[in-house]
>>> print(open('coords38.pdb').read())   # PDB, C-alpha atoms
ATOM      1  CA  MET A1001     158.988 -44.841 148.388
ATOM      2  CA  ASN A1002     162.477 -43.811 149.521
ATOM      3  CA  VAL A1003     161.907 -42.241 152.955
ATOM      4  CA  SER A1004     165.429 -40.818 153.133
ATOM      5  CA  ARG A1005     165.038 -39.037 149.805
ATOM      6  CA  GLY A1006     161.611 -37.746 150.800
ATOM      7  CA  PHE A1007     162.928 -36.094 153.951
ATOM      8  CA  LEU A1008     166.051 -34.789 152.183
ATOM      9  CA  VAL A1009     164.051 -33.230 149.329
ATOM     10  CA  ILE A1010     161.378 -31.605 151.504
ATOM     11  CA  ALA A1011     163.763 -30.234 154.182
ATOM     12  CA  PRO A1012     165.270 -27.521 151.913
ATOM     13  CA  LEU A1013     161.781 -26.333 150.964
ATOM     14  CA  TYR A1014     161.069 -25.598 154.615
ATOM     15  CA  MET A1015     164.494 -23.941 154.881
ATOM     16  CA  ILE A1016     163.666 -21.630 151.979
ATOM     17  CA  VAL A1017     160.287 -20.664 153.474
ATOM     18  CA  GLY A1018     161.929 -20.140 156.876
ATOM     19  CA  ALA A1019     164.647 -17.974 155.301
ATOM     20  CA  LEU A1020     162.061 -15.887 153.435
ATOM     21  CA  ILE A1021     160.131 -15.286 156.650
ATOM     22  CA  GLY A1022     163.398 -14.410 158.400
ATOM     23  CA  MET A1023     164.306 -11.967 155.636
ATOM     24  CA  HIS A1024     160.855 -10.389 155.842
ATOM     25  CA  MET A1025     161.182  -9.993 159.603
ATOM     26  CA  GLY A1026     164.638  -8.452 159.275
ATOM     27  CA  ALA A1027     163.603  -6.048 156.526
ATOM     28  CA  SER A1028     160.401  -4.951 158.239
ATOM     29  CA  GLY A1029     161.729  -4.905 161.804
ATOM     30  CA  ASP A1030     158.605  -6.846 162.818
ATOM     31  CA  PHE A1031     159.558 -10.065 164.584
ATOM     32  CA  THR A1032     156.081 -11.308 165.507
ATOM     33  CA  LEU A1033     156.541 -14.358 163.269
ATOM     34  CA  ALA A1034     159.699 -15.454 165.136
ATOM     35  CA  PRO A1035     158.011 -18.479 166.809
ATOM     36  CA  ALA A1036     156.629 -19.679 163.462
ATOM     37  CA  HIS A1037     160.027 -19.049 161.856
ATOM     38  CA  ALA A1038     161.697 -21.191 164.546
ATOM     39  CA  HIS A1039     159.190 -24.023 164.089
ATOM     40  CA  LEU A1040     159.654 -23.951 160.307
ATOM     41  CA  ASN A1041     163.412 -24.177 160.667
ATOM     42  CA  LEU A1042     163.492 -26.772 163.448
ATOM     43  CA  LEU A1043     160.590 -29.086 162.584
ATOM     44  CA  GLY A1044     160.734 -28.461 158.853
ATOM     45  CA  PHE A1045     164.408 -28.200 158.009
ATOM     46  CA  THR A1046     166.573 -29.436 160.870
ATOM     47  CA  LEU A1047     164.583 -32.486 161.964
ATOM     48  CA  MET A1048     163.731 -33.551 158.422
ATOM     49  CA  MET A1049     167.387 -33.273 157.423
ATOM     50  CA  ILE A1050     168.410 -35.349 160.468
ATOM     51  CA  PHE A1051     165.734 -37.947 159.684
ATOM     52  CA  GLY A1052     166.755 -38.083 156.018
ATOM     53  CA  LEU A1053     170.449 -38.467 156.794
ATOM     54  CA  THR A1054     169.726 -41.071 159.464
ATOM     55  CA  TYR A1055     167.599 -43.155 157.105
ATOM     56  CA  HIS A1056     170.284 -42.758 154.426
ATOM     57  CA  MET A1057     172.951 -44.057 156.823
ATOM     58  CA  LEU A1058     170.650 -46.883 158.009
ATOM     59  CA  PRO A1059     168.826 -47.903 154.814
ATOM     60  CA  GLU A1060     167.258 -50.980 156.437
ATOM     61  CA  ALA A1061     165.555 -48.653 158.935
ATOM     62  CA  GLY A1062     164.248 -46.440 156.142
ATOM     63  CA  ALA A1063     162.862 -49.423 154.249
ATOM     64  CA  SER A1064     160.362 -50.284 156.973
ATOM     65  CA  VAL A1065     156.635 -49.577 156.872
ATOM     66  CA  LEU A1066     157.021 -47.726 160.175
ATOM     67  CA  ALA A1067     159.529 -45.353 158.526
ATOM     68  CA  ARG A1068     156.932 -44.486 155.886
ATOM     69  CA  VAL A1069     154.359 -43.928 158.634
ATOM     70  CA  HIS A1070     156.875 -41.670 160.384
ATOM     71  CA  PHE A1071     157.471 -39.740 157.166
ATOM     72  CA  TRP A1072     153.806 -39.042 156.481
ATOM     73  CA  LEU A1073     152.960 -38.228 160.098
ATOM     74  CA  HIS A1074     155.814 -35.727 160.265
ATOM     75  CA  GLN A1075     154.837 -34.166 156.937
ATOM     76  CA  ALA A1076     151.191 -33.715 157.880
ATOM     77  CA  GLY A1077     151.823 -32.536 161.415
ATOM     78  CA  THR A1078     154.594 -30.099 160.500
ATOM     79  CA  LEU A1079     152.690 -28.552 157.603
ATOM     80  CA  VAL A1080     149.497 -28.044 159.605
ATOM     81  CA  LEU A1081     151.264 -26.763 162.719
ATOM     82  CA  THR A1082     153.551 -24.316 160.919
ATOM     83  CA  VAL A1083     150.719 -22.904 158.794
ATOM     84  CA  MET A1084     148.594 -22.474 161.919
ATOM     85  CA  LEU A1085     151.473 -20.710 163.707
ATOM     86  CA  VAL A1086     152.011 -18.316 160.797
ATOM     87  CA  LEU A1087     148.288 -17.537 160.803
ATOM     88  CA  LEU A1088     148.264 -17.072 164.582
ATOM     89  CA  PHE A1089     151.299 -14.814 164.842
ATOM     90  CA  SER A1090     150.304 -12.778 161.785
ATOM     91  CA  GLY A1091     146.982 -12.034 163.498
ATOM     92  CA  ARG A1092     144.809 -13.878 160.983
ATOM     93  CA  ILE A1093     143.437 -16.327 163.569
ATOM     94  CA  SER A1094     143.130 -16.369 167.351
ATOM     95  CA  GLU A1095     144.485 -18.987 169.750
ATOM     96  CA  ALA A1096     140.957 -20.303 170.194
ATOM     97  CA  GLN A1097     140.717 -20.896 166.437
ATOM     98  CA  MET A1098     143.783 -23.135 166.546
ATOM     99  CA  VAL A1099     141.753 -25.802 168.353
ATOM    100  CA  PRO A1100     141.461 -28.658 167.433
ATOM    101  CA  LEU A1101     143.870 -28.583 164.454
ATOM    102  CA  ALA A1102     147.066 -27.387 166.168
ATOM    103  CA  PRO A1103     146.844 -29.787 169.142
ATOM    104  CA  VAL A1104     146.063 -32.670 166.780
ATOM    105  CA  ALA A1105     149.054 -31.686 164.600
ATOM    106  CA  GLU A1106     151.277 -31.667 167.692
ATOM    107  CA  VAL A1107     150.110 -35.168 168.632
ATOM    108  CA  VAL A1108     150.645 -36.358 165.050
ATOM    109  CA  ILE A1109     154.225 -35.045 165.167
ATOM    110  CA  LEU A1110     154.760 -36.729 168.538
ATOM    111  CA  VAL A1111     153.478 -40.073 167.229
ATOM    112  CA  GLY A1112     155.862 -39.727 164.277
ATOM    113  CA  LEU A1113     158.737 -39.018 166.681
ATOM    114  CA  LEU A1114     157.778 -42.107 168.685
ATOM    115  CA  CYS A1115     157.875 -44.133 165.442
ATOM    116  CA  PHE A1116     161.364 -42.803 164.740
ATOM    117  CA  ALA A1117     162.512 -43.566 168.292
ATOM    118  CA  TRP A1118     161.164 -47.114 168.023
ATOM    119  CA  ILE A1119     162.930 -47.629 164.699
ATOM    120  CA  MET A1120     166.199 -46.370 166.177
ATOM    121  CA  PHE A1121     165.855 -48.539 169.297
ATOM    122  CA  ARG A1122     165.238 -51.593 167.137
ATOM    123  CA  ARG A1123     167.610 -51.046 164.217
ATOM    124  CA  ALA A1124     170.456 -48.696 165.156
ATOM    125  CA  ARG A1125     173.703 -50.441 166.019
TER     126      ARG A1125
END
>>> encode(input="coords38.pdb", output="C-alpha cells")
Amino acid sequence: MNVSRGFLVIAPLYMIVGALIGMHMGASGDFTLAPAHAHLNLLGFTLMMIFGLTYHMLPEAGASVLARVHFWLHQAGTLVLTVMLVLLFSGRISEAQMVPLAPVAEVVILVGLLCFAWIMFRRAR
C-alpha cells in the first residue's frame, strides 16, 4: 500500500464533502454545522493532504509499517468523528449519544498523530 497516495486520494473527498456542507450552510443561512464543517476540512482535507505530501517527500517514512498504522488510524478516527459531529450538530443525536464512539475516535486520531510524530522524529532530516 502506498500511504502517500492513500492520503492524497482521500483528502479531496473530504474537501468535496466539506465544500458541500459549506455551500448548504451559505444557501440556507443555517450555520449549525460549522464545527463539523471545520473538522471535515481540517482533519479530513488539510491534515491528510499534509500527511500525503510529507510521505511523498519522504518515501522511506511512508514505506514503514507505522505509516500504514497511522493511515488507518487517521481514516477510522476522522470518519467516525466527523459523522458523529454532523449527526450531533444537525440534531439527530445528543451529546450523551456520542459516548463512547466520539471519545474513542478522538483517541484513535491522537494515536495516529503520535505515530506520525514518531516517524518524523526518526526519519525526517
>>> resolve_selection(input="coords38.pdb", expression="the PyMOL selection byres ((chain A and resi 1059) around 12)", output="PDB file with C-alpha atoms, in the coordinates of the input")
ATOM      1  CA  ASN A1002     162.477 -43.811 149.521  1.00  0.00           C
ATOM      2  CA  VAL A1003     161.907 -42.241 152.955  1.00  0.00           C
ATOM      3  CA  SER A1004     165.429 -40.818 153.133  1.00  0.00           C
ATOM      4  CA  ARG A1005     165.038 -39.037 149.805  1.00  0.00           C
ATOM      5  CA  PHE A1051     165.734 -37.947 159.684  1.00  0.00           C
ATOM      6  CA  GLY A1052     166.755 -38.083 156.018  1.00  0.00           C
ATOM      7  CA  LEU A1053     170.449 -38.467 156.794  1.00  0.00           C
ATOM      8  CA  THR A1054     169.726 -41.071 159.464  1.00  0.00           C
ATOM      9  CA  TYR A1055     167.599 -43.155 157.105  1.00  0.00           C
ATOM     10  CA  HIS A1056     170.284 -42.758 154.426  1.00  0.00           C
ATOM     11  CA  MET A1057     172.951 -44.057 156.823  1.00  0.00           C
ATOM     12  CA  LEU A1058     170.650 -46.883 158.009  1.00  0.00           C
ATOM     13  CA  GLU A1060     167.258 -50.980 156.437  1.00  0.00           C
ATOM     14  CA  ALA A1061     165.555 -48.653 158.935  1.00  0.00           C
ATOM     15  CA  GLY A1062     164.248 -46.440 156.142  1.00  0.00           C
ATOM     16  CA  ALA A1063     162.862 -49.423 154.249  1.00  0.00           C
ATOM     17  CA  SER A1064     160.362 -50.284 156.973  1.00  0.00           C
ATOM     18  CA  ALA A1067     159.529 -45.353 158.526  1.00  0.00           C
ATOM     19  CA  ILE A1119     162.930 -47.629 164.699  1.00  0.00           C
ATOM     20  CA  MET A1120     166.199 -46.370 166.177  1.00  0.00           C
ATOM     21  CA  ARG A1123     167.610 -51.046 164.217  1.00  0.00           C
ATOM     22  CA  ALA A1124     170.456 -48.696 165.156  1.00  0.00           C
TER      23      ALA A1124
END
>>> resolve_selection(input="coords38.pdb", expression="the PyMOL selection byres ((chain A and resi 1109) around 12)", output="number ranges by chain")
A: 1043-1044, 1047-1048, 1069-1082, 1102-1108, 1110-1116
>>> residues_around(input="coords38.pdb", residues="region 1032-1036 of chain A", least_positions_apart="2", cutoff="12 Å", atoms="all atoms listed in the file", output="ChimeraX atom specification")
/A:1014,1017-1026,1028-1030,1038-1044,1078-1092
>>> atom_distance(input="coords38.pdb", atom1="CA of Leu1066 (chain A)", atom2="CA of Met1049 (chain A)")
18.0 Å
>>> decode(input="coords38.pdb", residues="region 1022-1071 of chain A", atoms="N, CA and C atoms", output="compact mmCIF listing (two decimals), in the first residue's frame")
# COMPACT_ATOMS: atom_id res chain seq x y z
N GLY A 1022 -20.51 23.44 3.42
CA GLY A 1022 -20.35 24.89 3.44
C GLY A 1022 -21.33 25.58 2.51
N MET A 1023 -21.53 25.03 1.32
CA MET A 1023 -22.49 25.60 0.38
C MET A 1023 -23.91 25.53 0.93
N HIS A 1024 -24.23 24.40 1.55
CA HIS A 1024 -25.56 24.25 2.16
C HIS A 1024 -25.77 25.29 3.26
N MET A 1025 -24.75 25.47 4.09
CA MET A 1025 -24.87 26.45 5.17
C MET A 1025 -25.05 27.85 4.60
N GLY A 1026 -24.27 28.19 3.59
CA GLY A 1026 -24.38 29.52 2.99
C GLY A 1026 -25.73 29.75 2.33
N ALA A 1027 -26.23 28.74 1.63
CA ALA A 1027 -27.51 28.89 0.94
C ALA A 1027 -28.69 28.95 1.90
N SER A 1028 -28.60 28.19 2.99
CA SER A 1028 -29.72 28.13 3.93
C SER A 1028 -29.63 29.21 5.01
N GLY A 1029 -28.44 29.76 5.21
CA GLY A 1029 -28.26 30.73 6.30
C GLY A 1029 -28.20 30.07 7.67
N ASP A 1030 -28.15 28.75 7.69
CA ASP A 1030 -28.09 27.98 8.94
C ASP A 1030 -26.67 27.45 9.10
N PHE A 1031 -25.97 27.97 10.09
CA PHE A 1031 -24.56 27.63 10.27
C PHE A 1031 -24.32 26.70 11.45
N THR A 1032 -25.32 25.90 11.80
CA THR A 1032 -25.17 25.00 12.95
C THR A 1032 -24.16 23.88 12.68
N LEU A 1033 -23.90 23.59 11.42
CA LEU A 1033 -22.93 22.54 11.09
C LEU A 1033 -21.50 23.07 10.98
N ALA A 1034 -21.28 24.33 11.32
CA ALA A 1034 -19.94 24.94 11.18
C ALA A 1034 -18.84 24.14 11.89
N PRO A 1035 -19.05 23.65 13.13
CA PRO A 1035 -17.98 22.86 13.76
C PRO A 1035 -17.67 21.55 13.00
N ALA A 1036 -18.70 20.90 12.49
CA ALA A 1036 -18.48 19.68 11.71
C ALA A 1036 -17.77 20.01 10.41
N HIS A 1037 -18.18 21.11 9.78
CA HIS A 1037 -17.56 21.59 8.55
C HIS A 1037 -16.06 21.84 8.78
N ALA A 1038 -15.73 22.48 9.88
CA ALA A 1038 -14.32 22.77 10.20
C ALA A 1038 -13.54 21.48 10.41
N HIS A 1039 -14.12 20.53 11.12
CA HIS A 1039 -13.43 19.25 11.36
C HIS A 1039 -13.22 18.49 10.04
N LEU A 1040 -14.23 18.49 9.18
CA LEU A 1040 -14.09 17.84 7.88
C LEU A 1040 -12.93 18.45 7.09
N ASN A 1041 -12.88 19.76 7.07
CA ASN A 1041 -11.84 20.43 6.29
C ASN A 1041 -10.46 20.29 6.92
N LEU A 1042 -10.36 20.38 8.24
CA LEU A 1042 -9.05 20.32 8.88
C LEU A 1042 -8.53 18.90 9.04
N LEU A 1043 -9.33 18.03 9.66
CA LEU A 1043 -8.88 16.64 9.84
C LEU A 1043 -8.91 15.87 8.52
N GLY A 1044 -9.97 16.11 7.74
CA GLY A 1044 -10.15 15.34 6.51
C GLY A 1044 -9.29 15.82 5.37
N PHE A 1045 -9.37 17.12 5.05
CA PHE A 1045 -8.61 17.59 3.89
C PHE A 1045 -7.20 18.06 4.26
N THR A 1046 -7.11 19.06 5.12
CA THR A 1046 -5.82 19.70 5.36
C THR A 1046 -4.78 18.73 5.91
N LEU A 1047 -5.11 18.05 7.01
CA LEU A 1047 -4.12 17.13 7.59
C LEU A 1047 -3.78 15.99 6.66
N MET A 1048 -4.79 15.42 6.00
CA MET A 1048 -4.49 14.30 5.10
C MET A 1048 -3.63 14.75 3.93
N MET A 1049 -3.86 15.96 3.44
CA MET A 1049 -3.01 16.47 2.36
C MET A 1049 -1.58 16.67 2.86
N ILE A 1050 -1.43 17.23 4.06
CA ILE A 1050 -0.09 17.42 4.64
C ILE A 1050 0.60 16.07 4.83
N PHE A 1051 -0.14 15.09 5.38
CA PHE A 1051 0.45 13.76 5.57
C PHE A 1051 0.87 13.16 4.23
N GLY A 1052 -0.02 13.23 3.24
CA GLY A 1052 0.28 12.67 1.93
C GLY A 1052 1.49 13.30 1.28
N LEU A 1053 1.57 14.62 1.33
CA LEU A 1053 2.72 15.32 0.75
C LEU A 1053 4.00 15.02 1.52
N THR A 1054 3.88 14.92 2.84
CA THR A 1054 5.06 14.60 3.65
C THR A 1054 5.59 13.21 3.31
N TYR A 1055 4.69 12.24 3.25
CA TYR A 1055 5.12 10.88 2.91
C TYR A 1055 5.64 10.80 1.47
N HIS A 1056 5.11 11.63 0.59
CA HIS A 1056 5.61 11.67 -0.78
C HIS A 1056 7.04 12.22 -0.82
N MET A 1057 7.29 13.25 -0.02
CA MET A 1057 8.62 13.87 0.03
C MET A 1057 9.63 12.99 0.79
N LEU A 1058 9.14 12.17 1.70
CA LEU A 1058 9.99 11.26 2.48
C LEU A 1058 9.50 9.83 2.27
N PRO A 1059 9.72 9.26 1.09
CA PRO A 1059 9.14 7.95 0.78
C PRO A 1059 9.58 6.85 1.73
N GLU A 1060 10.77 6.94 2.30
CA GLU A 1060 11.20 5.90 3.25
C GLU A 1060 10.33 5.95 4.51
N ALA A 1061 9.85 7.12 4.88
CA ALA A 1061 8.95 7.23 6.04
C ALA A 1061 7.60 6.61 5.72
N GLY A 1062 7.12 6.83 4.51
CA GLY A 1062 5.82 6.29 4.11
C GLY A 1062 5.83 4.80 3.86
N ALA A 1063 7.00 4.21 3.74
CA ALA A 1063 7.11 2.78 3.47
C ALA A 1063 7.07 1.94 4.75
N SER A 1064 7.06 2.60 5.90
CA SER A 1064 7.11 1.86 7.16
C SER A 1064 5.74 1.30 7.55
N VAL A 1065 5.77 0.26 8.36
CA VAL A 1065 4.54 -0.32 8.90
C VAL A 1065 3.81 0.73 9.75
N LEU A 1066 4.57 1.52 10.50
CA LEU A 1066 3.96 2.54 11.36
C LEU A 1066 3.21 3.58 10.53
N ALA A 1067 3.68 3.88 9.32
CA ALA A 1067 2.98 4.81 8.45
C ALA A 1067 1.62 4.24 8.02
N ARG A 1068 1.58 2.94 7.77
CA ARG A 1068 0.30 2.31 7.43
C ARG A 1068 -0.64 2.31 8.63
N VAL A 1069 -0.09 2.08 9.81
CA VAL A 1069 -0.90 2.16 11.04
C VAL A 1069 -1.45 3.56 11.18
N HIS A 1070 -0.59 4.56 10.98
CA HIS A 1070 -1.03 5.96 11.04
C HIS A 1070 -2.16 6.21 10.05
N PHE A 1071 -2.00 5.75 8.83
CA PHE A 1071 -3.01 5.96 7.80
C PHE A 1071 -4.38 5.41 8.25
